[in-house]
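Have a look at query-v4.cif below; it lists mmCIF, N, CA, C and O atoms.
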data_upload
loop_
_atom_site.label_atom_id
_atom_site.label_comp_id
_atom_site.auth_asym_id
_atom_site.auth_seq_id
_atom_site.Cartn_x
_atom_site.Cartn_y
_atom_site.Cartn_z
N MET A 294 83.28 55.03 93.69
CA MET A 294 84.42 55.07 94.59
C MET A 294 84.42 56.37 95.41
O MET A 294 84.62 56.36 96.60
N LEU A 295 84.19 57.48 94.69
CA LEU A 295 84.18 58.78 95.34
C LEU A 295 83.01 58.89 96.32
O LEU A 295 83.16 59.41 97.42
N SER A 296 81.85 58.35 95.92
CA SER A 296 80.69 58.42 96.81
C SER A 296 80.93 57.57 98.06
O SER A 296 80.48 57.94 99.16
N ARG A 297 81.61 56.48 97.93
CA ARG A 297 81.93 55.63 99.10
C ARG A 297 82.86 56.39 100.05
O ARG A 297 82.69 56.33 101.26
N LEU A 298 83.81 57.11 99.49
CA LEU A 298 84.71 57.91 100.30
C LEU A 298 83.94 58.99 101.04
O LEU A 298 84.17 59.21 102.24
N GLN A 299 83.01 59.63 100.36
CA GLN A 299 82.19 60.66 101.01
C GLN A 299 81.33 60.05 102.11
O GLN A 299 81.18 60.63 103.18
N GLU A 300 80.81 58.88 101.83
CA GLU A 300 79.99 58.17 102.83
C GLU A 300 80.82 57.84 104.07
O GLU A 300 80.37 58.03 105.20
N LEU A 301 82.03 57.37 103.86
CA LEU A 301 82.92 57.04 104.98
C LEU A 301 83.29 58.30 105.77
O LEU A 301 83.38 58.26 107.00
N ARG A 302 83.50 59.39 105.09
CA ARG A 302 83.83 60.64 105.79
C ARG A 302 82.65 61.12 106.62
O ARG A 302 82.82 61.64 107.72
N LYS A 303 81.44 60.95 106.10
CA LYS A 303 80.25 61.33 106.88
C LYS A 303 80.12 60.45 108.11
O LYS A 303 79.78 60.92 109.20
N GLU A 304 80.39 59.17 107.95
CA GLU A 304 80.36 58.26 109.09
C GLU A 304 81.43 58.65 110.11
O GLU A 304 81.18 58.63 111.32
N GLU A 305 82.61 59.03 109.63
CA GLU A 305 83.68 59.47 110.52
C GLU A 305 83.24 60.72 111.28
O GLU A 305 83.46 60.82 112.49
N GLU A 306 82.62 61.64 110.59
CA GLU A 306 82.12 62.87 111.22
C GLU A 306 81.11 62.53 112.32
O GLU A 306 81.19 63.06 113.43
N THR A 307 80.21 61.64 112.04
CA THR A 307 79.21 61.23 113.03
C THR A 307 79.88 60.57 114.22
O THR A 307 79.55 60.87 115.37
N LEU A 308 80.82 59.70 113.96
CA LEU A 308 81.53 59.02 115.05
C LEU A 308 82.33 60.00 115.90
O LEU A 308 82.38 59.86 117.12
N LEU A 309 82.92 60.99 115.27
CA LEU A 309 83.67 61.99 116.02
C LEU A 309 82.74 62.80 116.92
O LEU A 309 83.08 63.11 118.06
N ARG A 310 81.56 63.11 116.41
CA ARG A 310 80.58 63.85 117.24
C ARG A 310 80.13 63.00 118.41
O ARG A 310 80.02 63.48 119.54
N VAL A 311 79.86 61.73 118.15
CA VAL A 311 79.43 60.83 119.22
C VAL A 311 80.55 60.69 120.25
O VAL A 311 80.31 60.72 121.46
N LYS A 312 81.77 60.54 119.77
CA LYS A 312 82.92 60.41 120.67
C LYS A 312 83.05 61.65 121.56
O LYS A 312 83.26 61.53 122.77
N ALA A 313 82.93 62.82 120.98
CA ALA A 313 83.03 64.06 121.75
C ALA A 313 81.90 64.15 122.78
O ALA A 313 82.13 64.52 123.94
N ALA A 314 80.69 63.77 122.37
CA ALA A 314 79.56 63.81 123.30
C ALA A 314 79.76 62.82 124.44
O ALA A 314 79.48 63.13 125.61
N LEU A 315 80.23 61.63 124.13
CA LEU A 315 80.48 60.62 125.17
C LEU A 315 81.59 61.06 126.11
O LEU A 315 81.50 60.85 127.32
N ARG A 316 82.62 61.67 125.56
CA ARG A 316 83.72 62.15 126.39
C ARG A 316 83.22 63.23 127.36
O ARG A 316 83.54 63.22 128.54
N ASP A 317 82.40 64.14 126.84
CA ASP A 317 81.83 65.19 127.69
C ASP A 317 80.95 64.59 128.78
O ASP A 317 81.01 64.99 129.94
N GLN A 318 80.13 63.62 128.40
CA GLN A 318 79.24 62.98 129.37
C GLN A 318 80.05 62.24 130.43
O GLN A 318 79.73 62.32 131.63
N LEU A 319 81.09 61.55 130.03
CA LEU A 319 81.94 60.82 130.98
C LEU A 319 82.60 61.80 131.95
O LEU A 319 82.64 61.55 133.16
N THR A 320 83.08 62.91 131.44
CA THR A 320 83.70 63.91 132.30
C THR A 320 82.70 64.45 133.30
O THR A 320 83.01 64.59 134.48
N ARG A 321 81.49 64.74 132.85
CA ARG A 321 80.45 65.23 133.76
C ARG A 321 80.15 64.20 134.85
O ARG A 321 80.01 64.55 136.03
N LEU A 322 80.07 62.95 134.46
CA LEU A 322 79.78 61.90 135.43
C LEU A 322 80.90 61.77 136.45
O LEU A 322 80.65 61.57 137.65
N LYS A 323 82.13 61.90 136.00
CA LYS A 323 83.27 61.84 136.93
C LYS A 323 83.22 62.98 137.92
O LYS A 323 83.46 62.79 139.11
N VAL A 324 82.90 64.17 137.44
CA VAL A 324 82.80 65.33 138.33
C VAL A 324 81.67 65.12 139.34
O VAL A 324 81.84 65.39 140.53
N GLU A 325 80.53 64.65 138.86
CA GLU A 325 79.42 64.39 139.77
C GLU A 325 79.78 63.33 140.80
O GLU A 325 79.44 63.44 141.98
N GLU A 326 80.49 62.29 140.36
CA GLU A 326 80.93 61.24 141.28
C GLU A 326 81.84 61.82 142.35
O GLU A 326 81.69 61.52 143.54
N LEU A 327 82.80 62.63 141.94
CA LEU A 327 83.72 63.24 142.90
C LEU A 327 82.97 64.15 143.88
O LEU A 327 83.25 64.15 145.08
N ALA A 328 82.00 64.88 143.37
CA ALA A 328 81.22 65.76 144.24
C ALA A 328 80.42 64.93 145.25
O ALA A 328 80.37 65.27 146.44
N LEU A 329 79.82 63.83 144.79
CA LEU A 329 79.05 62.97 145.70
C LEU A 329 79.96 62.33 146.74
O LEU A 329 79.60 62.25 147.92
N GLN A 330 81.13 61.86 146.31
CA GLN A 330 82.07 61.27 147.26
C GLN A 330 82.50 62.29 148.31
O GLN A 330 82.59 61.98 149.50
N SER A 331 82.74 63.50 147.85
CA SER A 331 83.14 64.55 148.77
C SER A 331 82.02 64.86 149.76
O SER A 331 82.27 65.02 150.96
N MET A 332 80.81 64.90 149.27
CA MET A 332 79.67 65.16 150.14
C MET A 332 79.48 64.03 151.14
O MET A 332 79.17 64.26 152.32
N MET A 333 79.68 62.80 150.68
CA MET A 333 79.53 61.65 151.58
C MET A 333 80.61 61.68 152.66
O MET A 333 80.34 61.39 153.82
N ARG A 334 81.85 62.02 152.27
CA ARG A 334 82.94 62.08 153.24
C ARG A 334 82.70 63.17 154.28
O ARG A 334 82.94 62.98 155.46
N SER A 335 82.25 64.29 153.80
CA SER A 335 82.03 65.39 154.74
C SER A 335 80.84 65.11 155.64
O SER A 335 80.79 65.60 156.77
N GLY A 336 79.93 64.27 155.09
CA GLY A 336 78.79 63.82 155.88
C GLY A 336 78.07 64.93 156.60
O GLY A 336 77.41 65.76 155.97
N GLU A 337 78.22 64.94 157.89
CA GLU A 337 77.48 65.89 158.70
C GLU A 337 78.37 66.98 159.26
O GLU A 337 78.03 67.61 160.26
N GLU A 338 79.53 67.20 158.64
CA GLU A 338 80.46 68.21 159.15
C GLU A 338 79.81 69.58 159.20
O GLU A 338 79.73 70.18 160.26
N SER A 339 79.39 70.06 158.04
CA SER A 339 78.71 71.36 158.04
C SER A 339 78.02 71.60 156.72
O SER A 339 78.38 71.04 155.69
N VAL A 340 77.02 72.45 156.75
CA VAL A 340 76.28 72.79 155.55
C VAL A 340 77.15 73.66 154.65
O VAL A 340 77.09 73.57 153.43
N ALA A 341 78.00 74.47 155.25
CA ALA A 341 78.87 75.35 154.47
C ALA A 341 79.82 74.55 153.59
O ALA A 341 80.10 74.94 152.45
N ALA A 342 80.33 73.46 154.13
CA ALA A 342 81.27 72.64 153.35
C ALA A 342 80.59 72.06 152.12
O ALA A 342 81.17 72.02 151.03
N SER A 343 79.36 71.59 152.25
CA SER A 343 78.67 71.00 151.11
C SER A 343 78.29 72.05 150.09
O SER A 343 78.31 71.79 148.88
N SER A 344 77.98 73.28 150.54
CA SER A 344 77.67 74.32 149.57
C SER A 344 78.93 74.72 148.81
O SER A 344 78.88 75.04 147.64
N SER A 345 80.08 74.66 149.49
CA SER A 345 81.35 74.94 148.83
C SER A 345 81.63 73.88 147.75
O SER A 345 82.07 74.22 146.65
N ALA A 346 81.38 72.62 148.07
CA ALA A 346 81.57 71.54 147.10
C ALA A 346 80.63 71.73 145.91
O ALA A 346 81.01 71.50 144.76
N ALA A 347 79.41 72.17 146.17
CA ALA A 347 78.45 72.41 145.10
C ALA A 347 78.93 73.54 144.19
O ALA A 347 78.81 73.47 142.97
N GLU A 348 79.50 74.59 144.81
CA GLU A 348 80.04 75.70 144.01
C GLU A 348 81.20 75.22 143.15
O GLU A 348 81.32 75.60 141.98
N GLU A 349 82.07 74.40 143.73
CA GLU A 349 83.21 73.86 142.97
C GLU A 349 82.71 73.01 141.81
O GLU A 349 83.26 73.07 140.71
N THR A 350 81.68 72.22 142.06
CA THR A 350 81.10 71.38 141.01
C THR A 350 80.56 72.25 139.89
O THR A 350 80.78 71.97 138.70
N GLN A 351 79.84 73.31 140.24
CA GLN A 351 79.30 74.21 139.23
C GLN A 351 80.42 74.87 138.42
O GLN A 351 80.32 75.00 137.20
N THR A 352 81.47 75.26 139.10
CA THR A 352 82.62 75.87 138.40
C THR A 352 83.24 74.86 137.43
O THR A 352 83.52 75.19 136.28
N THR A 353 83.42 73.65 137.90
CA THR A 353 84.01 72.60 137.05
C THR A 353 83.11 72.30 135.86
O THR A 353 83.59 72.15 134.74
N LEU A 354 81.79 72.23 136.10
CA LEU A 354 80.86 71.98 135.00
C LEU A 354 80.91 73.12 133.99
O LEU A 354 80.85 72.88 132.78
N GLY A 355 81.05 74.35 134.47
CA GLY A 355 81.18 75.49 133.56
C GLY A 355 82.43 75.37 132.70
O GLY A 355 82.40 75.64 131.50
N GLN A 356 83.53 74.94 133.32
CA GLN A 356 84.77 74.75 132.57
C GLN A 356 84.61 73.63 131.55
O GLN A 356 85.11 73.72 130.43
N MET A 357 83.90 72.57 131.93
CA MET A 357 83.68 71.46 131.00
C MET A 357 82.82 71.90 129.82
O MET A 357 83.05 71.48 128.69
N ASP A 358 81.82 72.77 130.08
CA ASP A 358 81.01 73.29 128.98
C ASP A 358 81.88 74.08 128.02
O ASP A 358 81.71 73.99 126.80
N ASN A 359 82.83 74.86 128.55
CA ASN A 359 83.75 75.60 127.70
C ASN A 359 84.61 74.64 126.88
O ASN A 359 84.82 74.85 125.69
N GLU A 360 85.10 73.58 127.51
CA GLU A 360 85.90 72.59 126.80
C GLU A 360 85.08 71.91 125.71
O GLU A 360 85.57 71.67 124.61
N ALA A 361 83.83 71.62 126.02
CA ALA A 361 82.95 70.98 125.03
C ALA A 361 82.75 71.90 123.84
O ALA A 361 82.77 71.46 122.68
N ALA A 362 82.57 73.19 124.10
CA ALA A 362 82.40 74.15 123.01
C ALA A 362 83.67 74.22 122.16
O ALA A 362 83.60 74.27 120.93
N ILE A 363 84.82 74.20 122.81
CA ILE A 363 86.09 74.22 122.08
C ILE A 363 86.23 72.96 121.23
O ILE A 363 86.59 73.02 120.05
N ASN A 364 85.92 71.80 121.83
CA ASN A 364 86.00 70.54 121.08
C ASN A 364 85.06 70.55 119.89
O ASN A 364 85.41 70.07 118.81
N GLN A 365 83.85 71.09 120.08
CA GLN A 365 82.87 71.14 119.00
C GLN A 365 83.38 72.06 117.89
O GLN A 365 83.24 71.75 116.71
N THR A 366 83.99 73.18 118.27
CA THR A 366 84.53 74.11 117.27
C THR A 366 85.67 73.45 116.50
O THR A 366 85.74 73.56 115.27
N GLU A 367 86.55 72.74 117.23
CA GLU A 367 87.66 72.05 116.55
C GLU A 367 87.12 71.00 115.58
O GLU A 367 87.62 70.86 114.46
N LEU A 368 86.09 70.28 116.00
CA LEU A 368 85.49 69.27 115.13
C LEU A 368 84.90 69.93 113.90
O LEU A 368 85.10 69.47 112.77
N HIS A 369 84.19 71.03 114.09
CA HIS A 369 83.58 71.74 112.97
C HIS A 369 84.64 72.21 111.98
O HIS A 369 84.49 72.05 110.77
N LEU A 370 85.74 72.79 112.50
CA LEU A 370 86.81 73.26 111.62
C LEU A 370 87.46 72.11 110.88
O LEU A 370 87.81 72.22 109.70
N SER A 371 87.64 70.99 111.58
CA SER A 371 88.24 69.82 110.96
C SER A 371 87.36 69.30 109.82
O SER A 371 87.84 68.98 108.74
N LEU A 372 86.05 69.25 110.08
CA LEU A 372 85.12 68.77 109.06
C LEU A 372 85.08 69.73 107.88
O LEU A 372 85.01 69.30 106.72
N LYS A 373 85.14 71.03 108.16
CA LYS A 373 85.15 72.02 107.09
C LYS A 373 86.38 71.83 106.21
O LYS A 373 86.30 71.89 104.99
N HIS A 374 87.52 71.56 106.86
CA HIS A 374 88.76 71.33 106.13
C HIS A 374 88.61 70.09 105.23
O HIS A 374 89.03 70.12 104.06
N HIS A 375 88.01 69.03 105.75
CA HIS A 375 87.81 67.81 104.96
C HIS A 375 86.89 68.09 103.77
O HIS A 375 87.12 67.59 102.67
N GLU A 376 85.86 68.88 103.99
CA GLU A 376 84.94 69.21 102.90
C GLU A 376 85.66 70.00 101.81
O GLU A 376 85.44 69.75 100.62
N GLU A 377 86.50 70.93 102.22
CA GLU A 377 87.26 71.71 101.24
C GLU A 377 88.19 70.81 100.44
O GLU A 377 88.33 70.96 99.22
N GLU A 378 88.82 69.85 101.12
CA GLU A 378 89.70 68.91 100.43
C GLU A 378 88.90 68.08 99.42
O GLU A 378 89.36 67.83 98.31
N GLU A 379 87.70 67.65 99.83
CA GLU A 379 86.84 66.87 98.93
C GLU A 379 86.50 67.67 97.69
O GLU A 379 86.55 67.16 96.56
N GLU A 380 86.15 68.95 97.89
CA GLU A 380 85.80 69.79 96.76
C GLU A 380 86.98 69.94 95.81
O GLU A 380 86.82 69.89 94.59
N GLU A 381 88.18 70.11 96.38
CA GLU A 381 89.36 70.23 95.55
C GLU A 381 89.62 68.94 94.77
O GLU A 381 89.95 68.97 93.59
N GLU A 382 89.43 67.81 95.43
CA GLU A 382 89.63 66.52 94.76
C GLU A 382 88.62 66.34 93.65
O GLU A 382 88.95 65.84 92.57
N GLU A 383 87.36 66.75 93.90
CA GLU A 383 86.33 66.63 92.88
C GLU A 383 86.66 67.51 91.67
O GLU A 383 86.49 67.11 90.51
N GLU A 384 87.13 68.74 91.96
CA GLU A 384 87.49 69.65 90.86
C GLU A 384 88.65 69.08 90.05
O GLU A 384 88.65 69.16 88.84
N GLU A 385 89.63 68.48 90.74
CA GLU A 385 90.77 67.89 90.05
C GLU A 385 90.35 66.69 89.20
O GLU A 385 90.81 66.50 88.09
N SER A 386 89.42 65.89 89.74
CA SER A 386 88.98 64.71 88.99
C SER A 386 88.09 65.10 87.82
O SER A 386 88.05 64.40 86.82
N ASP A 387 87.38 66.22 87.93
CA ASP A 387 86.53 66.69 86.84
C ASP A 387 87.37 67.27 85.70
O ASP A 387 86.96 67.26 84.54
N SER A 388 88.56 67.75 86.01
CA SER A 388 89.41 68.41 84.98
C SER A 388 90.01 67.42 84.04
O SER A 388 90.25 66.32 84.14
#

structure tokens encoding of this file:
Amino acid sequence: MLSRLQELRKEEETLLRVKAALRDQLTRLKVEELALQSMMRSGEESVAASSSAAEETQTTLGQMDNEAAINQTELHLSLKHHEEEEEEEEEESDS
């Protein structure tokens, strides 16, 4: 029973990591889409405008990388907390 619970928690951990990675990828794709739409709209207006959009995209991607790092840290802390709870439960069941 306990091993099944541990197995389910590991699966949950894996799914949370996949979810975070997919969320990050989706956000990146949305930013890229917005940048492409902006570039298409501006069309032939000026080279300066497109370089500005590229800078904004890079800034946004940098912010997303920071968010991804924060999400990964939160996931790590959450998993660490679950592991500590498991250890406490095991110690209680062994007593």

### Message
Nearest residue to A:Gln365 out of A:Arg334, A:Arg302, A:Arg310, A:Lys323, using only N, CA, C and O atoms?
### Response
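The shortest atom-to-atom distance to A:Gln365 comes from A:Arg310.
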
#### Entry: Given all atoms listed in the file as the counted atoms, nearest of A:Met294, A:Ser386, A:Gly355, A:Thr350 to A:Glu325
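With all atoms listed in the file as the atom set, the closest residue is A:Thr350.
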
### Message
Need to verify the contact set: A:Glu326, 12 Å, only C-alpha atoms, exclusion of same-chain residues closer than 6 positions in sequence. Can you return it as a list in words?
### Response
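So, after excluding close chain neighbours, the residues are Leu319, Thr320, Met332, Met333, Ala346 and Thr350 of chain A.
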
### Query
Rounded to one decimal in Å, what is the spacing between atom CA of A:Glu305 and atom CA of A:Met357?
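Straight-line distance from atom CA of A:Glu305 to atom CA of A:Met357 works out to 23.7 Å.
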
### Nearest candidate to A:Ile363 (options A:Asp387, A:Glu376, A:Asp317, A:Glu348; using only C-alpha atoms)
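Under the stated criterion, the closest residue is A:Asp317.
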
### Query
Quick one, how far is atom C of A:Glu300 from atom CA of A:Glu360?
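About the pair atom C of A:Glu300 and atom CA of A:Glu360: they are 27.6 Å apart.
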
### One-decimal distance in Å that lies between atom CA of A:Arg316 and atom CA of A:Ala347
22.0 Å

### Contacts of A:Glu379 within 12 Å, only C-alpha atoms, excl. fewer than 6 positions in-chain, as a VMD selection string
chain A and resid 295 to 296 298 to 300 302 to 303 372 to 373 385 to 386

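The closest residue to A:Leu329, picked from A:Glu304, A:Glu381, A:Asp358, A:Glu349 and counting only C-alpha atoms, is A:Glu349.
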